[in-house]
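Note: the block below is query33.cif and it holds mmCIF, C-alpha atoms.
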data_query
#
loop_
_atom_site.group_PDB
_atom_site.id
_atom_site.type_symbol
_atom_site.label_atom_id
_atom_site.label_comp_id
_atom_site.auth_asym_id
_atom_site.auth_seq_id
_atom_site.Cartn_x
_atom_site.Cartn_y
_atom_site.Cartn_z
ATOM 1 C CA PRO A 23 0.000 0.000 0.000
ATOM 2 C CA LEU A 24 0.989 3.616 -0.517
ATOM 3 C CA ARG A 25 2.330 5.331 2.572
ATOM 4 C CA TRP A 26 3.806 8.742 3.276
ATOM 5 C CA SER A 27 7.144 8.941 5.118
ATOM 6 C CA ARG A 28 8.630 12.127 6.499
ATOM 7 C CA VAL A 29 12.218 12.668 5.347
ATOM 8 C CA PRO A 30 14.401 14.679 7.789
ATOM 9 C CA ALA A 31 16.871 17.308 6.628
ATOM 10 C CA SER A 32 20.563 16.438 6.978
ATOM 11 C CA THR A 33 21.874 19.964 6.342
ATOM 12 C CA PRO A 34 21.746 22.929 8.754
ATOM 13 C CA ALA A 35 20.545 25.319 6.034
ATOM 14 C CA THR A 36 17.044 24.687 4.681
ATOM 15 C CA PRO A 37 14.583 26.810 2.669
ATOM 16 C CA GLN A 38 12.030 28.981 4.427
ATOM 17 C CA GLY A 39 8.562 27.533 4.740
ATOM 18 C CA ARG A 40 6.571 28.586 1.699
ATOM 19 C CA SER A 41 3.567 28.051 -0.524
ATOM 20 C CA ASP A 42 2.725 28.820 -4.152
ATOM 21 C CA HIS A 43 6.303 28.043 -5.245
ATOM 22 C CA THR A 44 7.228 25.923 -8.249
ATOM 23 C CA ALA A 45 9.424 22.840 -8.455
ATOM 24 C CA VAL A 46 10.920 20.431 -10.980
ATOM 25 C CA TRP A 47 12.690 17.097 -10.740
ATOM 26 C CA ASP A 48 16.225 17.408 -12.099
ATOM 27 C CA THR A 49 16.612 13.934 -13.623
ATOM 28 C CA GLY A 50 20.218 14.542 -14.623
ATOM 29 C CA ARG A 51 21.271 14.921 -10.990
ATOM 30 C CA SER A 52 18.368 13.128 -9.252
ATOM 31 C CA ARG A 53 17.288 16.058 -7.144
ATOM 32 C CA LEU A 54 14.343 18.377 -6.516
ATOM 33 C CA VAL A 55 14.751 22.036 -7.513
ATOM 34 C CA ILE A 56 12.389 24.674 -6.078
ATOM 35 C CA TYR A 57 12.008 28.362 -6.856
ATOM 36 C CA GLY A 58 10.128 31.296 -5.324
ATOM 37 C CA GLY A 59 6.788 31.221 -3.537
ATOM 38 C CA SER A 60 5.447 33.078 -0.515
ATOM 39 C CA ASN A 61 6.332 32.750 3.171
ATOM 40 C CA GLY A 62 3.051 34.378 4.212
ATOM 41 C CA GLN A 63 4.569 37.844 4.593
ATOM 42 C CA TYR A 64 6.369 38.443 1.315
ATOM 43 C CA PHE A 65 7.240 36.691 -1.930
ATOM 44 C CA LEU A 66 10.521 34.850 -2.476
ATOM 45 C CA ASN A 67 12.922 34.412 -5.397
ATOM 46 C CA ASP A 68 15.555 32.032 -4.050
ATOM 47 C CA THR A 69 16.343 28.713 -5.752
ATOM 48 C CA TRP A 70 17.202 25.538 -3.787
ATOM 49 C CA ALA A 71 18.080 21.952 -4.684
ATOM 50 C CA ALA A 72 17.343 18.910 -2.522
ATOM 51 C CA THR A 73 19.077 15.556 -2.884
ATOM 52 C CA ILE A 74 16.795 12.993 -1.265
ATOM 53 C CA THR A 75 17.879 9.625 0.139
ATOM 54 C CA ASP A 76 16.980 8.600 3.693
ATOM 55 C CA SER A 77 17.432 12.305 4.473
ATOM 56 C CA VAL A 78 17.247 15.594 2.558
ATOM 57 C CA ALA A 79 20.454 17.468 1.729
ATOM 58 C CA TRP A 80 19.591 21.058 0.756
ATOM 59 C CA GLU A 81 21.826 23.504 -1.086
ATOM 60 C CA VAL A 82 21.255 27.029 -2.373
ATOM 61 C CA LEU A 83 21.561 27.279 -6.149
ATOM 62 C CA VAL A 84 20.642 30.956 -6.587
ATOM 63 C CA ASP A 85 20.097 33.230 -3.568
ATOM 64 C CA TYR A 86 17.902 36.302 -4.045
ATOM 65 C CA ALA A 87 18.880 37.171 -7.584
ATOM 66 C CA ARG A 88 16.710 37.564 -10.645
ATOM 67 C CA PRO A 89 14.026 36.741 -11.665
ATOM 68 C CA TYR A 90 11.813 38.908 -9.480
ATOM 69 C CA ASP A 91 10.151 37.273 -6.498
ATOM 70 C CA ARG A 92 6.907 35.621 -7.520
ATOM 71 C CA VAL A 93 4.247 33.007 -6.912
ATOM 72 C CA SER A 94 2.387 30.547 -9.150
ATOM 73 C CA PRO A 95 4.580 30.501 -12.271
ATOM 74 C CA ALA A 96 4.811 27.624 -14.745
ATOM 75 C CA SER A 97 8.043 25.625 -14.834
ATOM 76 C CA LEU A 98 9.564 22.507 -16.339
ATOM 77 C CA TYR A 99 12.787 20.532 -16.486
ATOM 78 C CA ASP A 100 14.012 20.627 -20.087
ATOM 79 C CA THR A 101 15.470 17.120 -20.499
ATOM 80 C CA ARG A 102 17.272 17.880 -23.767
ATOM 81 C CA ARG A 103 19.180 20.889 -22.420
ATOM 82 C CA GLU A 104 19.248 20.005 -18.711
ATOM 83 C CA ARG A 105 17.827 23.302 -17.570
ATOM 84 C CA MET A 106 14.857 24.645 -15.634
ATOM 85 C CA VAL A 107 12.491 26.887 -17.593
ATOM 86 C CA LEU A 108 10.242 29.406 -15.812
ATOM 87 C CA PHE A 109 7.279 31.338 -17.230
ATOM 88 C CA GLY A 110 5.010 34.012 -15.794
ATOM 89 C CA GLY A 111 3.633 34.176 -12.275
ATOM 90 C CA ALA A 112 2.677 37.065 -9.983
ATOM 91 C CA SER A 113 5.382 39.229 -8.379
ATOM 92 C CA TYR A 114 5.165 41.123 -5.117
ATOM 93 C CA GLU A 115 5.616 44.548 -6.668
ATOM 94 C CA ASP A 116 2.027 45.889 -6.888
ATOM 95 C CA TRP A 117 0.924 42.310 -7.558
ATOM 96 C CA GLN A 118 2.398 42.593 -11.043
ATOM 97 C CA VAL A 119 1.594 39.568 -13.184
ATOM 98 C CA GLU A 120 4.378 38.571 -15.569
ATOM 99 C CA HIS A 121 4.789 36.854 -18.947
ATOM 100 C CA ASP A 122 8.567 36.631 -19.002
ATOM 101 C CA VAL A 123 10.657 33.484 -19.570
ATOM 102 C CA TRP A 124 13.817 32.548 -17.641
ATOM 103 C CA THR A 125 16.166 29.570 -17.820
ATOM 104 C CA LEU A 126 18.588 28.079 -15.296
ATOM 105 C CA ASP A 127 21.401 25.765 -16.410
ATOM 106 C CA LEU A 128 21.443 22.869 -13.933
ATOM 107 C CA THR A 129 24.623 21.225 -15.210
ATOM 108 C CA ALA A 130 27.081 23.708 -13.710
ATOM 109 C CA PRO A 131 27.249 25.114 -10.149
ATOM 110 C CA GLY A 132 27.271 28.824 -9.454
ATOM 111 C CA VAL A 133 25.225 29.945 -12.455
ATOM 112 C CA ASP A 134 22.415 32.503 -12.416
ATOM 113 C CA TRP A 135 19.037 32.611 -14.059
ATOM 114 C CA GLU A 136 19.077 33.982 -17.603
ATOM 115 C CA TYR A 137 16.301 36.128 -19.052
ATOM 116 C CA VAL A 138 15.120 35.065 -22.510
ATOM 117 C CA ASP A 139 14.208 37.972 -24.778
ATOM 118 C CA ILE A 140 11.377 36.609 -26.935
ATOM 119 C CA PRO A 141 9.805 38.622 -29.778
ATOM 120 C CA ASP A 142 6.073 38.847 -30.450
ATOM 121 C CA PRO A 143 3.709 37.106 -30.439
ATOM 122 C CA LEU A 144 3.620 36.629 -26.672
ATOM 123 C CA PRO A 145 0.969 35.244 -24.328
ATOM 124 C CA ASP A 146 -0.801 37.725 -22.088
ATOM 125 C CA ARG A 147 0.555 38.108 -18.559
ATOM 126 C CA ARG A 148 -0.704 35.362 -16.260
ATOM 127 C CA SER A 149 -0.206 33.367 -13.089
ATOM 128 C CA GLY A 150 -1.725 30.152 -11.778
ATOM 129 C CA MET A 151 -2.079 28.804 -15.302
ATOM 130 C CA ALA A 152 -2.464 25.189 -16.392
ATOM 131 C CA PHE A 153 0.722 23.901 -17.997
ATOM 132 C CA GLY A 154 2.477 20.761 -19.160
ATOM 133 C CA TYR A 155 5.792 19.697 -20.640
ATOM 134 C CA ASP A 156 5.476 17.987 -24.013
ATOM 135 C CA GLU A 157 8.841 16.214 -24.027
ATOM 136 C CA ALA A 158 8.369 14.567 -27.433
ATOM 137 C CA GLY A 159 7.264 17.850 -29.005
ATOM 138 C CA ASP A 160 10.002 19.793 -27.151
ATOM 139 C CA ARG A 161 7.631 22.472 -25.898
ATOM 140 C CA LEU A 162 5.873 23.993 -22.908
ATOM 141 C CA VAL A 163 2.089 24.214 -23.218
ATOM 142 C CA VAL A 164 0.108 26.697 -21.090
ATOM 143 C CA PHE A 165 -3.614 27.363 -20.771
ATOM 144 C CA GLY A 166 -5.702 29.929 -18.895
ATOM 145 C CA GLY A 167 -4.529 31.478 -15.646
ATOM 146 C CA MET A 168 -5.235 34.854 -14.117
ATOM 147 C CA SER A 169 -4.036 38.404 -14.642
ATOM 148 C CA MET A 170 -4.969 41.548 -12.715
ATOM 149 C CA THR A 171 -6.433 44.874 -13.822
ATOM 150 C CA LEU A 172 -7.012 48.125 -11.961
ATOM 151 C CA TYR A 173 -10.668 48.952 -11.242
ATOM 152 C CA GLY A 174 -10.837 52.243 -9.352
ATOM 153 C CA ASN A 175 -8.367 51.800 -6.524
ATOM 154 C CA SER A 176 -8.621 48.018 -6.451
ATOM 155 C CA GLN A 177 -6.977 45.209 -8.353
ATOM 156 C CA ILE A 178 -9.496 42.723 -9.736
ATOM 157 C CA PRO A 179 -8.785 39.342 -11.367
ATOM 158 C CA VAL A 180 -9.037 38.883 -15.109
ATOM 159 C CA TYR A 181 -9.199 35.286 -16.299
ATOM 160 C CA GLN A 182 -7.370 34.244 -19.429
ATOM 161 C CA GLY A 183 -10.268 32.222 -20.770
ATOM 162 C CA GLY A 184 -9.861 29.654 -23.463
ATOM 163 C CA ASP A 185 -6.455 30.668 -24.797
ATOM 164 C CA ALA A 186 -3.533 28.272 -24.966
ATOM 165 C CA TRP A 187 0.067 28.814 -26.045
ATOM 166 C CA ALA A 188 3.083 26.643 -26.815
ATOM 167 C CA LEU A 189 6.716 27.634 -26.266
ATOM 168 C CA ASP A 190 9.155 25.892 -28.629
ATOM 169 C CA LEU A 191 12.130 25.063 -26.400
ATOM 170 C CA ALA A 192 14.556 24.828 -29.327
ATOM 171 C CA THR A 193 13.817 28.259 -30.805
ATOM 172 C CA MET A 194 12.328 29.854 -27.645
ATOM 173 C CA ARG A 195 9.427 31.246 -29.640
ATOM 174 C CA TRP A 196 5.750 31.292 -28.666
ATOM 175 C CA SER A 197 2.893 30.119 -30.895
ATOM 176 C CA PRO A 198 -0.829 30.412 -30.112
ATOM 177 C CA VAL A 199 -2.695 27.127 -29.921
ATOM 178 C CA ARG A 200 -6.024 27.432 -31.727
ATOM 179 C CA PRO A 201 -8.355 24.512 -30.988
ATOM 180 C CA THR A 202 -10.734 23.409 -33.725
ATOM 181 C CA ALA A 203 -13.580 23.155 -31.185
ATOM 182 C CA GLY A 204 -14.709 24.970 -28.039
ATOM 183 C CA SER A 205 -12.454 25.710 -25.086
ATOM 184 C CA PRO A 206 -12.956 25.488 -21.319
ATOM 185 C CA MET A 207 -14.040 28.602 -19.476
ATOM 186 C CA GLY A 208 -11.309 30.793 -18.020
ATOM 187 C CA ARG A 209 -9.873 29.607 -14.719
ATOM 188 C CA THR A 210 -6.841 29.688 -12.468
ATOM 189 C CA LEU A 211 -5.113 27.352 -10.003
ATOM 190 C CA CYS A 212 -6.352 24.199 -11.712
ATOM 191 C CA ALA A 213 -4.568 20.848 -11.794
ATOM 192 C CA SER A 214 -2.880 19.957 -15.075
ATOM 193 C CA ALA A 215 -0.530 17.384 -16.527
ATOM 194 C CA PHE A 216 0.702 16.417 -19.977
ATOM 195 C CA ASP A 217 -0.340 12.981 -21.202
ATOM 196 C CA PRO A 218 2.580 11.761 -23.370
ATOM 197 C CA VAL A 219 0.596 8.782 -24.692
ATOM 198 C CA ALA A 220 -2.352 10.791 -26.007
ATOM 199 C CA GLN A 221 -0.074 13.804 -26.653
ATOM 200 C CA GLY A 222 -2.386 16.173 -24.844
ATOM 201 C CA LEU A 223 -2.763 18.559 -21.925
ATOM 202 C CA VAL A 224 -5.225 17.401 -19.250
ATOM 203 C CA VAL A 225 -6.905 20.059 -17.072
ATOM 204 C CA PHE A 226 -9.073 19.512 -13.985
ATOM 205 C CA GLY A 227 -10.942 21.932 -11.717
ATOM 206 C CA GLY A 228 -9.738 25.376 -10.749
ATOM 207 C CA ASP A 229 -11.359 28.654 -9.717
ATOM 208 C CA PHE A 230 -13.035 31.425 -11.704
ATOM 209 C CA GLY A 231 -14.364 33.492 -8.799
ATOM 210 C CA THR A 232 -12.848 36.170 -6.564
ATOM 211 C CA ASP A 233 -10.994 35.969 -3.255
ATOM 212 C CA ASP A 234 -14.175 36.622 -1.276
ATOM 213 C CA ARG A 235 -16.472 34.650 -3.606
ATOM 214 C CA PRO A 236 -14.564 31.692 -5.090
ATOM 215 C CA GLN A 237 -16.233 29.557 -7.740
ATOM 216 C CA TYR A 238 -14.621 26.124 -7.700
ATOM 217 C CA LEU A 239 -14.836 23.741 -10.648
ATOM 218 C CA ASN A 240 -14.593 19.952 -11.052
ATOM 219 C CA ASP A 241 -14.752 19.538 -14.831
ATOM 220 C CA THR A 242 -12.042 17.752 -16.829
ATOM 221 C CA TRP A 243 -10.793 18.766 -20.283
ATOM 222 C CA THR A 244 -8.141 17.518 -22.688
ATOM 223 C CA LEU A 245 -6.325 19.383 -25.434
ATOM 224 C CA ALA A 246 -4.878 16.911 -27.953
ATOM 225 C CA LEU A 247 -1.839 18.456 -29.620
ATOM 226 C CA GLY A 248 -0.416 15.698 -31.784
ATOM 227 C CA ALA A 249 3.239 14.757 -31.925
ATOM 228 C CA VAL A 250 4.626 17.763 -33.821
ATOM 229 C CA ALA A 251 2.259 20.140 -35.573
ATOM 230 C CA LEU A 252 0.671 23.114 -33.838
ATOM 231 C CA PRO A 253 -1.935 24.489 -36.278
ATOM 232 C CA GLY A 254 -5.481 23.253 -35.816
ATOM 233 C CA GLU A 255 -5.135 21.241 -32.613
ATOM 234 C CA ARG A 256 -8.090 19.113 -31.627
ATOM 235 C CA HIS A 257 -9.946 19.993 -28.468
ATOM 236 C CA ASP A 258 -11.382 16.810 -26.974
ATOM 237 C CA GLY A 259 -12.960 18.158 -23.774
ATOM 238 C CA PRO A 260 -14.926 18.069 -21.715
ATOM 239 C CA VAL A 261 -14.365 14.548 -20.403
ATOM 240 C CA ALA A 262 -17.277 12.900 -18.622
ATOM 241 C CA LEU A 263 -16.079 11.211 -15.428
ATOM 242 C CA ARG A 264 -18.064 8.908 -13.192
ATOM 243 C CA ASP A 265 -17.998 10.170 -9.591
ATOM 244 C CA PRO A 266 -15.565 13.045 -10.197
ATOM 245 C CA PRO A 267 -13.735 14.663 -7.250
ATOM 246 C CA ARG A 268 -15.376 17.586 -5.470
ATOM 247 C CA PRO A 269 -14.982 21.061 -7.015
ATOM 248 C CA ARG A 270 -11.707 22.585 -5.884
ATOM 249 C CA ARG A 271 -8.675 24.610 -6.844
ATOM 250 C CA GLY A 272 -4.931 24.484 -6.234
ATOM 251 C CA PRO A 273 -2.159 25.022 -5.573
ATOM 252 C CA HIS A 274 -2.458 24.147 -1.873
ATOM 253 C CA SER A 275 -5.043 21.379 -2.224
ATOM 254 C CA LEU A 276 -4.633 20.098 -5.765
ATOM 255 C CA GLN A 277 -1.827 18.761 -7.934
ATOM 256 C CA ALA A 278 -1.765 16.560 -11.036
ATOM 257 C CA ARG A 279 1.016 14.245 -12.177
ATOM 258 C CA TRP A 280 1.447 11.814 -15.050
ATOM 259 C CA ASP A 281 1.721 8.254 -13.689
ATOM 260 C CA SER A 282 3.919 6.534 -16.279
ATOM 261 C CA ARG A 283 3.536 3.098 -14.684
ATOM 262 C CA GLN A 284 -0.251 3.142 -14.818
ATOM 263 C CA GLY A 285 -0.562 5.302 -17.930
ATOM 264 C CA ARG A 286 -2.873 7.830 -16.284
ATOM 265 C CA VAL A 287 -3.075 11.279 -14.726
ATOM 266 C CA ARG A 288 -3.047 11.138 -10.937
ATOM 267 C CA LEU A 289 -4.673 13.857 -8.817
ATOM 268 C CA GLU A 290 -3.072 14.389 -5.414
ATOM 269 C CA GLY A 291 -3.996 16.394 -2.354
ATOM 270 C CA LEU A 292 -7.680 16.613 -3.233
ATOM 271 C CA GLY A 293 -8.916 16.903 0.311
ATOM 272 C CA PRO A 294 -8.475 15.354 3.737
ATOM 273 C CA GLY A 295 -6.616 12.135 2.964
ATOM 274 C CA ASP A 296 -7.824 11.515 -0.567
ATOM 275 C CA SER A 297 -5.886 11.187 -3.837
#

Please express what this file holds, its structure, as structure tokens.
Amino acid sequence: PLRWSRVPASTPATPQGRSDHTAVWDTGRSRLVIYGGSNGQYFLNDTWAATITDSVAWEVLVDYARPYDRVSPASLYDTRRERMVLFGGASYEDWQVEHDVWTLDLTAPGVDWEYVDIPDPLPDRRSGMAFGYDEAGDRLVVFGGMSMTLYGNSQIPVYQGGDAWALDLATMRWSPVRPTAGSPMGRTLCASAFDPVAQGLVVFGGDFGTDDRPQYLNDTWTLALGAVALPGERHDGPVALRDPPRPRRGPHSLQARWDSRQGRVRLEGLGPGDS
């Protein structure tokens, strides 16, 4: 049976407690790499690596350098170039939502993040988007998310509804993904994973409300991309599920991962004790 085990730290220095950060598994060095997030008082932009055996050995990779501190970006481990790629997220400065791209070479110690200057077209600024790494297609795929706009003296959320984009990791150029059928409604903080068998992005749940009036979802959609081509992708959603999980949003309570052994998307942290 599946069972959680707490792994103690073996190093005196450890990251601050945080939420809304992003993380990748560095397969080349068998370690977890985390970036950014919030400690409940302010946003963070430090980068740490954890080598996990019967204990956790932490080390600082980049300490308080660029990119700007932020929460809820998209990230991936680029297996062909052995680097971490970061996109978007919300920064602490006036809750500025970003659409920038950064890379971090994980093969050499002591390197900094590098900003990637990408020409138009670009996705709109967003955080909390659905995303997946299409390893065979060598691209990052993003959908939806949330931006902010000024209404009077208040910032209000604006949902990036129905739009999807793909970042070619070889050329570092964005292309809009235009489904041939309808798209899901705009949402943020949903669970997502890339299905390498069906070559598609799978999206579940999320939120399209406000902080004081959240509107949680429990629908499931797939965006079939095909192995290579981008124009005219097929939109297969929604997917009808028997006894779907309760409506909810992430990132605290909801994560999705591709289970290569079972050939399925696995939802984790759905609620008290369920997965």

Between CA of Glu120 in chain A and CA of Leu223 in chain A - distance in Å to one decimal: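 If I compute the distance from CA of Leu223 in chain A to CA of Glu120 in chain A, I get 22.2 Å.
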
Counting all atoms listed in the file, the option among A:Leu66, A:Ala112, A:Val219, A:Val138 closest to Ala158 in chain A: A:Val219

Name the residues, using the chain letters and numbers of the file, that sit within 6 Å of (7.7, 25.3, -28.0) when counting all atoms listed in the file, and give them as a tab-separated table (two decimals) with C-alpha atoms, in the frame of the given file.
chain	number	residue	atom	x	y	z
A	161	ARG	CA	7.63	22.47	-25.90
A	162	LEU	CA	5.87	23.99	-22.91
A	188	ALA	CA	3.08	26.64	-26.82
A	189	LEU	CA	6.72	27.63	-26.27
A	190	ASP	CA	9.15	25.89	-28.63
A	191	LEU	CA	12.13	25.06	-26.40

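Proximity ranking of A:Val133, A:Leu108, A:Pro37, A:Asp100 relative to Leu83 in chain A places A:Val133 first, based on all atoms listed in the file.
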
Distance criterion (only C-alpha atoms): nearest to Asp85 in chain A out of A:Ala152, A:Gly132, A:Thr101, A:Arg51: A:Gly132

Answer key for the PyMOL selection byres ((chain A and resi 205) around 6), residues as JSON, numbers by chain: {"A": [184, 204, 206]}

Given the PyMOL selection byres ((chain A and resi 136) around 7), the residues it picks as number ranges by chain: A: 124-126, 134-135, 137-138

Distance query range 192-201 of chain A at most 10 Å, all atoms listed in the file, self and fewer than 2 positions along chain excluded, as an MDAnalysis selection string: chainID A and resid 102:103 123 138:145 160:165 184:190 203:205 245:247 252:258

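If you measure from each of A:Asp91, A:Asp146, A:Glu104, A:Gly39 to Ser52 in chain A using all atoms listed in the file, the closest one turns out to be A:Glu104.
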
Nearest-residue call for His121 in chain A, choices A:Gly231, A:Gly58, A:Gly167, A:Gly159, using all atoms listed in the file: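 Once distances to His121 in chain A are computed over all atoms listed in the file, the minimum belongs to A:Gly167.
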
Atom-to-atom span, CA of Leu239 in chain A and CA of Ala220 in chain A, Å: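 Atom-to-atom, CA of Leu239 in chain A and CA of Ala220 in chain A are spaced 23.7 Å apart.
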
Point-to-point distance from CA of Asp42 in chain A to CA of Gln63 in chain A, Å rounded to tenths: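 Between these atoms lies a distance of 12.7 Å.
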
Close residues, Ala72 in chain A itself excluded, 8 Å, only C-alpha atoms, min 6 positions apart in chain, as a list in words: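 Non-adjacent residues within range: Arg53, Leu54, Val55, Val78, Ala79, Trp80 and Glu81 of chain A.
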
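Distances here use all atoms listed in the file; by that measure, the residue among A:Tyr57, A:Tyr238, A:Tyr114, A:Trp70 closest to Pro95 in chain A is A:Tyr57.
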
Arg40 in chain A environment, 9 Å, all atoms listed in the file, sequence neighbours closer than 5 positions dropped, as a list in words: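 Once the nearby chain positions are removed, what remains is Gly58, Gly59, Ser60, Asn61, Gly62, Phe65 and Leu66 of chain A.
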
Take every atom of range 153-165 of chain A listed in the file, fit an axis-aligned box around them, add 8 Å per side, and give the centre and edge lengths in Å to one decimal as JSON.
{"center_x": 3.2, "center_y": 21.0, "center_z": -23.5, "size_x": 29.6, "size_y": 28.8, "size_z": 27.0}

Polymer residues at most 6 Å from (8.2, 19.5, -12.4) by only C-alpha atoms, as an NGL selection string: :A and (45-47 or 98)

Expected selection from the PyMOL selection byres ((chain A and resi 209) around 12), given as a ChimeraX atom specification: /A:148-152,165-169,179-185,205-208,210-214,225-232,236-241,270-272
